[in-house]
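Shown here: upload.pdb, PDB, C-alpha atoms and all ligand atoms.
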ATOM      1  CA  MET J   1      89.049  90.572  73.513
ATOM      2  CA  ALA J   2      91.758  90.775  76.125
ATOM      3  CA  ARG J   3      95.371  90.904  75.093
ATOM      4  CA  GLN J   4      96.969  87.522  75.006
ATOM      5  CA  GLY J   5     100.733  87.939  74.609
ATOM      6  CA  THR J   6     102.541  84.707  75.432
ATOM      7  CA  SER J   7     105.786  86.275  76.545
ATOM      8  CA  PRO J   8     106.819  89.820  77.322
ATOM      9  CA  GLU J   9     108.023  91.692  74.258
ATOM     10  CA  PRO J  10     111.830  91.969  74.369
ATOM     11  CA  VAL J  11     112.904  95.195  75.980
ATOM     12  CA  SER J  12     115.343  96.989  73.747
ATOM     13  CA  ALA J  13     117.297 100.039  74.789
ATOM     14  CA  ALA J  14     116.915 101.459  71.271
ATOM     15  CA  ALA J  15     113.601 103.006  70.262
ATOM     16  CA  PRO J  16     111.453 100.439  68.476
ATOM     17  CA  VAL J  17     110.909 100.787  64.749
ATOM     18  CA  VAL J  18     107.232  99.933  65.226
ATOM     19  CA  ALA J  19     105.333 100.341  68.485
ATOM     20  CA  LEU J  20     101.649  99.579  68.912
ATOM     21  CA  GLN J  21     100.117 100.055  72.307
ATOM     22  CA  ASP J  22      96.605  98.827  73.003
ATOM     23  CA  VAL J  23      95.569  99.572  69.420
ATOM     24  CA  ALA J  24      92.084  98.954  68.037
ATOM     25  CA  VAL J  25      90.943  99.384  64.456
ATOM     26  CA  ARG J  26      87.483  99.875  63.051
ATOM     27  CA  VAL J  27      86.518  99.674  59.381
ATOM     28  CA  GLY J  28      83.011 100.052  58.018
ATOM     29  CA  GLY J  29      81.645 100.463  61.555
ATOM     30  CA  ARG J  30      83.137  97.140  62.714
ATOM     31  CA  THR J  31      86.024  96.593  65.105
ATOM     32  CA  LEU J  32      88.434  94.232  63.367
ATOM     33  CA  TRP J  33      90.811  93.800  66.276
ATOM     34  CA  SER J  34      91.616  95.563  69.507
ATOM     35  CA  GLY J  35      94.072  95.498  72.405
ATOM     36  CA  VAL J  36      97.000  94.894  70.063
ATOM     37  CA  ASP J  37     100.460  95.492  71.493
ATOM     38  CA  LEU J  38     103.560  95.112  69.373
ATOM     39  CA  ARG J  39     107.146  96.305  69.502
ATOM     40  CA  VAL J  40     109.400  95.625  66.548
ATOM     41  CA  GLY J  41     113.092  96.394  66.998
ATOM     42  CA  ALA J  42     115.538  97.475  64.304
ATOM     43  CA  GLY J  43     116.500  94.648  61.966
ATOM     44  CA  GLU J  44     113.774  92.267  63.117
ATOM     45  CA  PHE J  45     111.712  90.092  60.793
ATOM     46  CA  VAL J  46     108.081  89.840  61.887
ATOM     47  CA  ALA J  47     105.183  88.029  60.209
ATOM     48  CA  VAL J  48     101.537  89.048  60.504
ATOM     49  CA  LEU J  49      99.328  85.949  60.350
ATOM     50  CA  GLY J  50      95.666  85.048  60.675
ATOM     51  CA  PRO J  51      92.631  83.966  58.658
ATOM     52  CA  ASN J  52      91.401  85.756  55.533
ATOM     53  CA  GLY J  53      89.623  88.973  56.304
ATOM     54  CA  VAL J  54      90.868  89.266  59.899
ATOM     55  CA  GLY J  55      92.603  92.579  59.223
ATOM     56  CA  LYS J  56      96.242  91.788  58.355
ATOM     57  CA  SER J  57      96.412  94.242  55.437
ATOM     58  CA  THR J  58      94.599  96.742  57.620
ATOM     59  CA  LEU J  59      97.409  96.477  60.176
ATOM     60  CA  VAL J  60      99.890  97.358  57.433
ATOM     61  CA  LYS J  61      97.681 100.302  56.437
ATOM     62  CA  VAL J  62      97.750 101.483  60.056
ATOM     63  CA  LEU J  63     101.559 101.431  59.938
ATOM     64  CA  LEU J  64     101.492 103.348  56.643
ATOM     65  CA  GLY J  65      99.206 105.942  58.197
ATOM     66  CA  VAL J  66      96.404 105.448  55.671
ATOM     67  CA  GLN J  67      94.118 103.735  58.182
ATOM     68  CA  PRO J  68      93.768 105.552  61.509
ATOM     69  CA  ALA J  69      93.785 103.587  64.739
ATOM     70  CA  HIS J  70      90.476 103.850  66.537
ATOM     71  CA  GLU J  71      92.149 103.466  69.928
ATOM     72  CA  GLY J  72      95.657 103.250  71.270
ATOM     73  CA  ARG J  73      99.029 104.590  70.235
ATOM     74  CA  VAL J  74     100.966 103.838  67.067
ATOM     75  CA  ARG J  75     104.552 104.951  66.432
ATOM     76  CA  VAL J  76     106.574 104.181  63.344
ATOM     77  CA  LEU J  77     110.279 105.073  63.313
ATOM     78  CA  GLY J  78     109.695 107.287  66.311
ATOM     79  CA  GLY J  79     106.853 109.356  64.853
ATOM     80  CA  ALA J  80     103.228 109.236  63.856
ATOM     81  CA  PRO J  81     102.443 106.721  61.094
ATOM     82  CA  GLY J  82     102.673 108.173  57.590
ATOM     83  CA  ARG J  83     105.353 110.700  58.548
ATOM     84  CA  ALA J  84     108.474 108.668  57.841
ATOM     85  CA  GLY J  85     108.358 109.145  54.057
ATOM     86  CA  GLU J  86     111.019 107.235  52.166
ATOM     87  CA  ARG J  87     112.243 105.570  55.369
ATOM     88  CA  VAL J  88     109.346 103.127  54.831
ATOM     89  CA  GLY J  89     109.136 100.833  51.792
ATOM     90  CA  TYR J  90     105.849  99.169  50.909
ATOM     91  CA  LEU J  91     104.880  96.265  48.722
ATOM     92  CA  PRO J  92     101.077  96.176  48.379
ATOM     93  CA  GLN J  93      99.118  92.961  48.128
ATOM     94  CA  ARG J  94      99.962  91.457  44.780
ATOM     95  CA  ARG J  95      98.278  92.693  41.640
ATOM     96  CA  SER J  96      99.454  90.893  38.539
ATOM     97  CA  PHE J  97     100.556  92.823  35.482
ATOM     98  CA  ASP J  98      98.726  92.424  32.221
ATOM     99  CA  ALA J  99     100.753  90.323  29.784
ATOM    100  CA  SER J 100     100.528  93.093  27.180
ATOM    101  CA  LEU J 101     101.999  95.772  29.478
ATOM    102  CA  ARG J 102     105.083  97.210  27.762
ATOM    103  CA  MET J 103     106.575  98.970  30.798
ATOM    104  CA  ARG J 104     109.985  97.437  31.538
ATOM    105  CA  GLY J 105     111.083  96.054  34.888
ATOM    106  CA  THR J 106     113.549  98.931  35.289
ATOM    107  CA  ASP J 107     110.691 101.417  34.786
ATOM    108  CA  VAL J 108     108.710  99.703  37.547
ATOM    109  CA  VAL J 109     111.698 100.022  39.894
ATOM    110  CA  ARG J 110     112.212 103.648  38.816
ATOM    111  CA  LEU J 111     108.675 104.464  39.936
ATOM    112  CA  GLY J 112     109.825 103.722  43.491
ATOM    113  CA  TRP J 113     112.664 106.213  43.044
ATOM    114  CA  ASP J 114     110.814 109.058  41.312
ATOM    115  CA  GLY J 115     107.413 108.447  42.922
ATOM    116  CA  ASP J 116     106.703 111.501  45.051
ATOM    117  CA  ARG J 117     110.148 113.084  45.035
ATOM    118  CA  TRP J 118     110.053 116.825  45.476
ATOM    119  CA  GLY J 119     112.104 119.652  46.911
ATOM    120  CA  VAL J 120     115.262 121.283  45.594
ATOM    121  CA  PRO J 121     116.167 119.236  42.529
ATOM    122  CA  LEU J 122     119.687 118.015  41.935
ATOM    123  CA  PRO J 123     121.243 119.130  38.653
ATOM    124  CA  ARG J 124     119.484 116.997  36.041
ATOM    125  CA  SER J 125     122.462 114.967  34.896
ATOM    126  CA  ARG J 126     123.630 114.319  38.469
ATOM    127  CA  ALA J 127     120.128 113.298  39.538
ATOM    128  CA  ARG J 128     119.800 110.994  36.570
ATOM    129  CA  ARG J 129     123.159 109.396  37.226
ATOM    130  CA  ALA J 130     122.319 108.836  40.905
ATOM    131  CA  ALA J 131     118.959 107.330  39.976
ATOM    132  CA  ARG J 132     120.465 105.042  37.328
ATOM    133  CA  LYS J 133     123.158 103.848  39.713
ATOM    134  CA  ARG J 134     120.779 103.088  42.543
ATOM    135  CA  ILE J 135     118.206 101.394  40.287
ATOM    136  CA  ALA J 136     120.888  99.159  38.762
ATOM    137  CA  GLU J 137     122.267  98.391  42.220
ATOM    138  CA  VAL J 138     118.924  97.360  43.687
ATOM    139  CA  ILE J 139     117.994  95.303  40.607
ATOM    140  CA  GLU J 140     121.285  93.470  41.040
ATOM    141  CA  ARG J 141     120.558  93.037  44.752
ATOM    142  CA  VAL J 142     117.273  91.233  44.107
ATOM    143  CA  GLY J 143     118.809  89.122  41.346
ATOM    144  CA  ALA J 144     116.674  90.637  38.578
ATOM    145  CA  ALA J 145     119.405  91.939  36.269
ATOM    146  CA  GLY J 146     118.780  89.180  33.723
ATOM    147  CA  TYR J 147     115.216  90.238  32.947
ATOM    148  CA  ALA J 148     114.785  93.836  34.215
ATOM    149  CA  HIS J 149     114.901  95.183  30.661
ATOM    150  CA  ARG J 150     112.039  92.977  29.515
ATOM    151  CA  PRO J 151     108.430  94.244  29.563
ATOM    152  CA  ILE J 152     107.091  93.518  33.050
ATOM    153  CA  GLY J 153     104.023  91.784  31.597
ATOM    154  CA  GLN J 154     106.334  89.183  30.067
ATOM    155  CA  CYS J 155     108.117  88.414  33.337
ATOM    156  CA  SER J 156     107.030  85.443  35.446
ATOM    157  CA  GLY J 157     105.221  85.939  38.761
ATOM    158  CA  GLY J 158     108.431  85.385  40.722
ATOM    159  CA  GLU J 159     110.391  87.782  38.491
ATOM    160  CA  GLN J 160     107.683  90.444  38.832
ATOM    161  CA  GLN J 161     107.741  90.027  42.591
ATOM    162  CA  ARG J 162     111.516  90.535  42.768
ATOM    163  CA  LEU J 163     111.182  93.713  40.691
ATOM    164  CA  LEU J 164     108.432  94.981  42.993
ATOM    165  CA  ILE J 165     110.630  94.257  46.011
ATOM    166  CA  ALA J 166     113.377  96.242  44.267
ATOM    167  CA  GLN J 167     110.879  99.089  43.817
ATOM    168  CA  ALA J 168     110.105  99.030  47.551
ATOM    169  CA  LEU J 169     113.836  98.987  48.395
ATOM    170  CA  VAL J 170     115.134 101.541  45.937
ATOM    171  CA  ARG J 171     115.064 104.446  48.395
ATOM    172  CA  ARG J 172     116.888 102.468  51.079
ATOM    173  CA  PRO J 173     114.017 102.183  53.566
ATOM    174  CA  GLU J 174     114.680 101.275  57.191
ATOM    175  CA  LEU J 175     111.303  99.552  57.445
ATOM    176  CA  LEU J 176     109.881  97.288  54.753
ATOM    177  CA  LEU J 177     106.146  96.525  54.856
ATOM    178  CA  LEU J 178     105.286  93.562  52.633
ATOM    179  CA  ASP J 179     101.702  92.457  52.075
ATOM    180  CA  GLU J 180     101.677  88.793  51.048
ATOM    181  CA  PRO J 181     104.784  88.925  48.826
ATOM    182  CA  LEU J 182     104.744  85.129  48.394
ATOM    183  CA  ASP J 183     101.117  85.029  47.264
ATOM    184  CA  SER J 184     100.588  83.187  43.960
ATOM    185  CA  LEU J 185     104.202  81.995  43.711
ATOM    186  CA  ASP J 186     105.059  78.337  43.278
ATOM    187  CA  LEU J 187     107.051  76.634  46.051
ATOM    188  CA  PRO J 188     110.557  77.154  44.587
ATOM    189  CA  ASN J 189     109.798  80.843  43.980
ATOM    190  CA  GLN J 190     108.312  81.209  47.478
ATOM    191  CA  ALA J 191     111.538  79.803  48.906
ATOM    192  CA  ALA J 192     113.715  82.049  46.714
ATOM    193  CA  VAL J 193     111.790  85.259  47.480
ATOM    194  CA  ALA J 194     111.622  84.361  51.213
ATOM    195  CA  SER J 195     115.375  83.848  51.200
ATOM    196  CA  LEU J 196     115.900  87.203  49.465
ATOM    197  CA  ILE J 197     113.755  89.020  52.040
ATOM    198  CA  GLY J 198     115.600  87.241  54.858
ATOM    199  CA  ARG J 199     118.969  88.373  53.462
ATOM    200  CA  ILE J 200     117.814  91.967  53.061
ATOM    201  CA  CYS J 201     116.733  91.918  56.701
ATOM    202  CA  ARG J 202     119.870  90.249  58.113
ATOM    203  CA  GLU J 203     122.551  91.732  55.883
ATOM    204  CA  GLU J 204     121.237  95.269  55.517
ATOM    205  CA  GLY J 205     119.513  95.628  58.879
ATOM    206  CA  VAL J 206     116.175  96.482  57.265
ATOM    207  CA  THR J 207     113.243  95.816  59.597
ATOM    208  CA  VAL J 208     110.625  93.665  57.872
ATOM    209  CA  VAL J 209     106.936  93.380  58.737
ATOM    210  CA  MET J 210     105.365  90.884  56.359
ATOM    211  CA  VAL J 211     101.780  89.717  55.993
ATOM    212  CA  ALA J 212     101.766  86.013  55.211
ATOM    213  CA  HIS J 213      99.127  83.461  54.417
ATOM    214  CA  ASP J 214     101.571  80.613  55.020
ATOM    215  CA  VAL J 215     104.311  81.071  57.595
ATOM    216  CA  ASN J 216     106.272  78.008  56.486
ATOM    217  CA  PRO J 217     108.515  79.555  53.801
ATOM    218  CA  ILE J 218     109.759  82.176  56.297
ATOM    219  CA  LEU J 219     109.472  80.242  59.562
ATOM    220  CA  SER J 220     113.204  79.709  60.090
ATOM    221  CA  ARG J 221     113.979  83.385  59.476
ATOM    222  CA  LEU J 222     111.411  84.997  61.757
ATOM    223  CA  ASP J 223     112.106  86.758  65.023
ATOM    224  CA  ARG J 224     108.460  87.174  65.884
ATOM    225  CA  VAL J 225     104.926  86.560  64.651
ATOM    226  CA  VAL J 226     101.710  88.422  65.291
ATOM    227  CA  TYR J 227      98.610  86.249  65.036
ATOM    228  CA  LEU J 228      95.440  88.289  64.578
ATOM    229  CA  ALA J 229      91.990  87.072  65.535
ATOM    230  CA  GLU J 230      88.572  88.668  65.581
ATOM    231  CA  GLY J 231      88.977  91.148  68.394
ATOM    232  CA  GLY J 232      92.543  90.520  69.538
ATOM    233  CA  ALA J 233      96.035  89.315  68.807
ATOM    234  CA  VAL J 234      98.929  87.395  70.219
ATOM    235  CA  SER J 235     102.568  88.066  69.445
ATOM    236  CA  GLY J 236     105.872  86.480  70.326
ATOM    237  CA  PRO J 237     108.451  84.059  68.985
ATOM    238  CA  PRO J 238     106.929  81.594  66.475
ATOM    239  CA  ALA J 239     107.598  78.596  68.723
ATOM    240  CA  GLU J 240     105.525  80.161  71.484
ATOM    241  CA  VAL J 241     102.690  81.568  69.391
ATOM    242  CA  ILE J 242     102.059  78.876  66.777
ATOM    243  CA  THR J 243     100.995  76.193  69.214
ATOM    244  CA  SER J 244      97.697  74.389  69.755
ATOM    245  CA  GLU J 245      97.413  75.884  73.233
ATOM    246  CA  THR J 246      98.041  79.527  72.270
ATOM    247  CA  LEU J 247      95.865  79.505  69.154
ATOM    248  CA  THR J 248      93.057  77.659  70.955
ATOM    249  CA  ARG J 249      93.120  80.400  73.595
ATOM    250  CA  LEU J 250      93.236  83.157  70.975
ATOM    251  CA  TYR J 251      90.411  81.815  68.806
ATOM    252  CA  ARG J 252      88.368  80.387  71.696
ATOM    253  CA  THR J 253      87.808  77.212  69.728
ATOM    254  CA  PRO J 254      89.896  74.040  69.511
ATOM    255  CA  VAL J 255      92.812  74.641  67.157
ATOM    256  CA  GLU J 256      95.463  72.044  66.523
ATOM    257  CA  VAL J 257      98.943  72.794  65.247
ATOM    258  CA  LEU J 258     100.548  69.834  63.538
ATOM    259  CA  ARG J 259     104.154  69.523  62.432
ATOM    260  CA  THR J 260     104.784  67.477  59.296
ATOM    261  CA  SER J 261     107.820  65.248  58.927
ATOM    262  CA  ASP J 262     109.595  67.953  56.909
ATOM    263  CA  GLY J 263     109.027  70.526  59.665
ATOM    264  CA  ARG J 264     106.098  72.417  58.120
ATOM    265  CA  LEU J 265     103.321  73.655  60.396
ATOM    266  CA  VAL J 266      99.665  72.979  59.629
ATOM    267  CA  VAL J 267      96.932  74.699  61.615
ATOM    268  CA  VAL J 268      93.685  72.766  61.893
ATOM    269  CA  GLY J 269      90.510  74.416  63.136
ATOM    270  CA  GLN J 270      91.448  78.092  62.769
ATOM    271  CA  PRO J 271      88.115  79.865  62.231
ATOM    272  CA  GLU J 272      87.454  82.196  59.326
ATOM    273  CA  ALA J 273      87.025  85.870  60.098
ATOM    274  CA  PRO J 274      83.304  86.775  60.026
ATOM    275  CA  ALA J 275      83.397  88.742  56.770
ATOM    276  CA  ARG J 276      85.332  86.607  54.303
ATOM    277  CA  HIS J 277      86.400  87.897  50.978
ATOM    278  CA  SER J 278      86.721  84.554  49.330
ATOM    279  CA  ASP J 279      86.313  86.266  45.969
ATOM    280  CA  ARG J 280      89.960  87.293  46.161
ATOM    281  CA  HIS J 281      91.131  84.036  47.680
ATOM    282  CA  ALA J 282      89.026  81.381  46.059
ATOM    283  CA  ASP J 283      91.990  79.056  45.684
ATOM    284  CA  ARG J 284      93.032  79.236  49.286
ATOM    285  CA  HIS J 285      92.273  76.676  51.872
ATOM    286  CA  THR J 286      92.199  77.931  55.429
ATOM    287  CA  GLY J 287      88.938  76.728  56.909
ATOM    288  CA  ARG J 288      88.212  74.412  59.759
ATOM    289  CA  ASP J 289      89.684  71.395  58.009
ATOM    290  CA  GLY J 290      93.246  72.578  57.944
ATOM    291  CA  GLY J 291      95.657  74.859  56.152
ATOM    292  CA  PRO J 292      99.201  76.072  56.443
ATOM    293  CA  ALA J 293     100.002  78.159  59.473
TER     294      ALA J 293
HETATM  295  N1  LIG N 301      87.495 100.532  53.730
HETATM  296  C1  LIG N 301      86.829  99.468  54.176
HETATM  297  N2  LIG N 301      85.515  99.552  54.465
HETATM  298  C2  LIG N 301      84.838  98.481  54.940
HETATM  299  N3  LIG N 301      85.415  97.269  55.171
HETATM  300  C3  LIG N 301      86.714  97.155  54.897
HETATM  301  C4  LIG N 301      87.505  98.216  54.399
HETATM  302  N4  LIG N 301      88.774  97.795  54.236
HETATM  303  C5  LIG N 301      88.784  96.498  54.628
HETATM  304  N5  LIG N 301      87.559  96.125  55.025
HETATM  305  C6  LIG N 301      87.176  94.807  55.552
HETATM  306  O1  LIG N 301      87.968  94.601  56.690
HETATM  307  C7  LIG N 301      88.310  93.231  56.808
HETATM  308  C8  LIG N 301      89.799  93.063  56.912
HETATM  309  O2  LIG N 301      90.389  93.315  55.642
HETATM  310  P1  LIG N 301      91.935  93.040  55.382
HETATM  311  O3  LIG N 301      92.161  93.211  53.919
HETATM  312  O4  LIG N 301      92.740  93.853  56.314
HETATM  313  O5  LIG N 301      92.041  91.508  55.800
HETATM  314  P2  LIG N 301      93.216  90.475  55.603
HETATM  315  O6  LIG N 301      93.389  89.762  56.884
HETATM  316  O7  LIG N 301      94.404  91.148  55.024
HETATM  317  O8  LIG N 301      92.570  89.494  54.541
HETATM  318  P3  LIG N 301      93.212  88.526  53.417
HETATM  319  O9  LIG N 301      94.023  87.501  54.117
HETATM  320  O10 LIG N 301      92.009  87.914  52.790
HETATM  321  O11 LIG N 301      93.988  89.388  52.472
HETATM  322  C9  LIG N 301      87.697  92.538  55.610
HETATM  323  O12 LIG N 301      86.457  91.976  56.010
HETATM  324  C10 LIG N 301      87.497  93.667  54.628
HETATM  325  O13 LIG N 301      86.444  93.375  53.738
END

For this file, produce the structure as structure tokens.
Ligand SMILES: Nc1ncnc2c1ncn2[C@@H]1O[C@H](COP(=O)(O)OP(=O)(O)OP(=O)(O)O)[C@@H](O)[C@H]1O
Amino acid sequence: MARQGTSPEPVSAAAPVVALQDVAVRVGGRTLWSGVDLRVGAGEFVAVLGPNGVGKSTLVKVLLGVQPAHEGRVRVLGGAPGRAGERVGYLPQRRSFDASLRMRGTDVVRLGWDGDRWGVPLPRSRARRAARKRIAEVIERVGAAGYAHRPIGQCSGGEQQRLLIAQALVRRPELLLLDEPLDSLDLPNQAAVASLIGRICREEGVTVVMVAHDVNPILSRLDRVVYLAEGGAVSGPPAEVITSETLTRLYRTPVEVLRTSDGRLVVVGQPEAPARHSDRHADRHTGRDGGPA
């Protein structure tokens, strides 16, 4: 599929945090998408959208360097993907914690600090103090201080998600890759977590690339969206991309974008990707008869 950008990507004098040039990805012998161009500047908030199974998580894996691009050029923080180490924070697609899990929220955050740390160790007490300080600071930042000492399995979905965001942030990444962080949260928690991510982006200058099933909770905060389709993609400001005309062109089938009275977007007619994994998303509603953008 040919590239279908609606407007030229903004030209920034600074090197982009993420740069994809004519990138194609193949998994299991199938091309998921191709001809994808994307430039994400420092401090931008970008959403990756599209139907189930289209390859949104795979795009994140390309940026992490765990999924190679089949074609094209990918740069992350000025280097090859996977080379930026702790400069990239990652929140994988949500996996819920078993209610009986005794690990505390602080331990979950600590995993992000200790994870794969190696090299010349700091003196033990100094290292411990630095770790404790940063873990407490980031738990405070995400508003989780009230429950971080509870077993994670006893925290609510929204509380768990905040702690996982803290884990992704604990090493002060410049780029935060979030795979459906609002998945399974109720509307008030979606709004609260979206607001938190927006503040981290705006106030701390962290670049955010976030896979989303529903763009509405983050719509007002986004600089750009990338809409993936079988074969191709379109990227640009939300107001230019999430339109009946652009999505109809991208999906080559009539797609209608409706705006509800409270400003939410609903996309009607967006096709499913050919290989659905409805097993993981049985409760979602994205087919031809309408779903959130
Ligand atoms: N290692 C793999 N081998 C074969 N197929 C794979 C592999 N990884 C992913 N896929 C397939 O690639 C497609 C894209 O998967 P991906 O998880 O990136 O989609 P997605 O857009 O994030 O989906 P969802 O919205 O449902 O989470 C799916 O059909 C998936 O089954």

Problem set entry | Output of the PyMOL selection byres (((chain J and resi 42) around 8) and not hetatm), listed as a PyMOL selection string | chain J and resi 16-17+40-41+43-44+205-207

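Of the listed residues (J:Ala192, J:Leu169, J:Val257, J:Ala212), J:Ala212 comes nearest to ligand LIG 301 (chain N); the distances count only C-alpha atoms and all ligand atoms.
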
Edge lengths and centre, in Å to one decimal, as JSON: that's what I need for the box along x, y and z that holds all listed atoms of stretch 163-181 of chain J plus 4 Å on each side.
{"center_x": 109.3, "center_y": 96.6, "center_z": 49.1, "size_x": 23.2, "size_y": 23.7, "size_z": 24.8}

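The result of the PyMOL selection byres (((chain J and resi 148-152) around 8) and not hetatm) on the shown file is Phe97, Ala99, Leu101, Arg102, Met103, Arg104, Gly105, Thr106, Val108, Ile139, Ala144, Ala145, Gly146, Tyr147, Gly153, Gln154, Cys155, Gln160 and Leu163 of chain J.
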
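Residue nearest ligand LIG 301 (chain N) within the list J:Gly232, J:Gly35, J:Gly50, J:Gly85: J:Gly50 [criterion: smallest interatomic distance, all atoms listed in the file].
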
Problem set entry | Test item: residues at most 10 Å from stretch 241-246 of chain J, only C-alpha atoms, excluding those fewer than 2 positions along its chain, as a PyMOL selection string | chain J and resi 4-7+49+215+224-227+234-239+248-252+254-258+265-269+293

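Excluding J:Gln67 itself and same-chain residues fewer than 4 positions from it, the residues having an atom within 12 Å of it are Ala24, Val25, Arg26, Val27, Gly28, Gly55, Ser57, Thr58, Leu59, Val60, Lys61, Val62, Leu63, Glu71, Val74, Pro81 and Gly82 of chain J, counting only C-alpha atoms.
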
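When the PyMOL selection byres (((chain J and resi 94) around 10) and not hetatm) is evaluated on the file shown here, the picked residues come out as Leu91, Pro92, Gln93, Arg95, Ser96, Phe97, Gly157, Gln160, Gln161, Leu164, Leu178, Asp179, Glu180, Pro181, Leu182, Asp183 and Ser184 of chain J.
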
Exercise. Smallest atom-to-atom distance to J:Asn52: which of J:Glu230, J:Thr260, J:Glu240, J:Leu177, using all atoms listed in the file?
Worked result: J:Glu230

For this session: Can you work out which one of J:Ser34, J:Ser125, J:Gln21, J:Gln167 has the shortest atom-to-atom distance to J:Tyr90, counting only C-alpha atoms?
Result: J:Gln167

Per-residue nearest contacts stretch 42-114 of chain J to stretch 171-175 of chain J, cut-off 7 Å, using only C-alpha atoms, as a Markdown table:
| residue | atom | partner | partner_atom | distance |
| --- | --- | --- | --- | --- |
| J:Glu86 | CA | J:Pro173 | CA | 6.0 |
| J:Arg87 | CA | J:Pro173 | CA | 4.2 |
| J:Val88 | CA | J:Leu175 | CA | 4.8 |
| J:Gly89 | CA | J:Pro173 | CA | 5.4 |
| J:Trp113 | CA | J:Arg171 | CA | 6.1 |

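Atom CA of J:Asp107 lies 11.1 Å from atom CA of J:Ala166.
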
Seminar exercise, completed: Nearest to ligand LIG 301 (chain N), restricted to all atoms listed in the file and choosing among J:Leu20, J:Leu247, J:Val211, J:Leu38, comes out as J:Val211

Problem set entry | Selected residue, from J:Arg264, J:Arg162, J:Arg202, J:His213, that lies nearest to ligand LIG 301 (chain N) when counting all atoms listed in the file | J:His213

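One finds atom CA of J:Asn216 at 13.3 Å from atom CA of J:Asp186.
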
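Atom to atom, atom CA of J:Val66 and atom CA of J:Val46 stand 20.5 Å apart.
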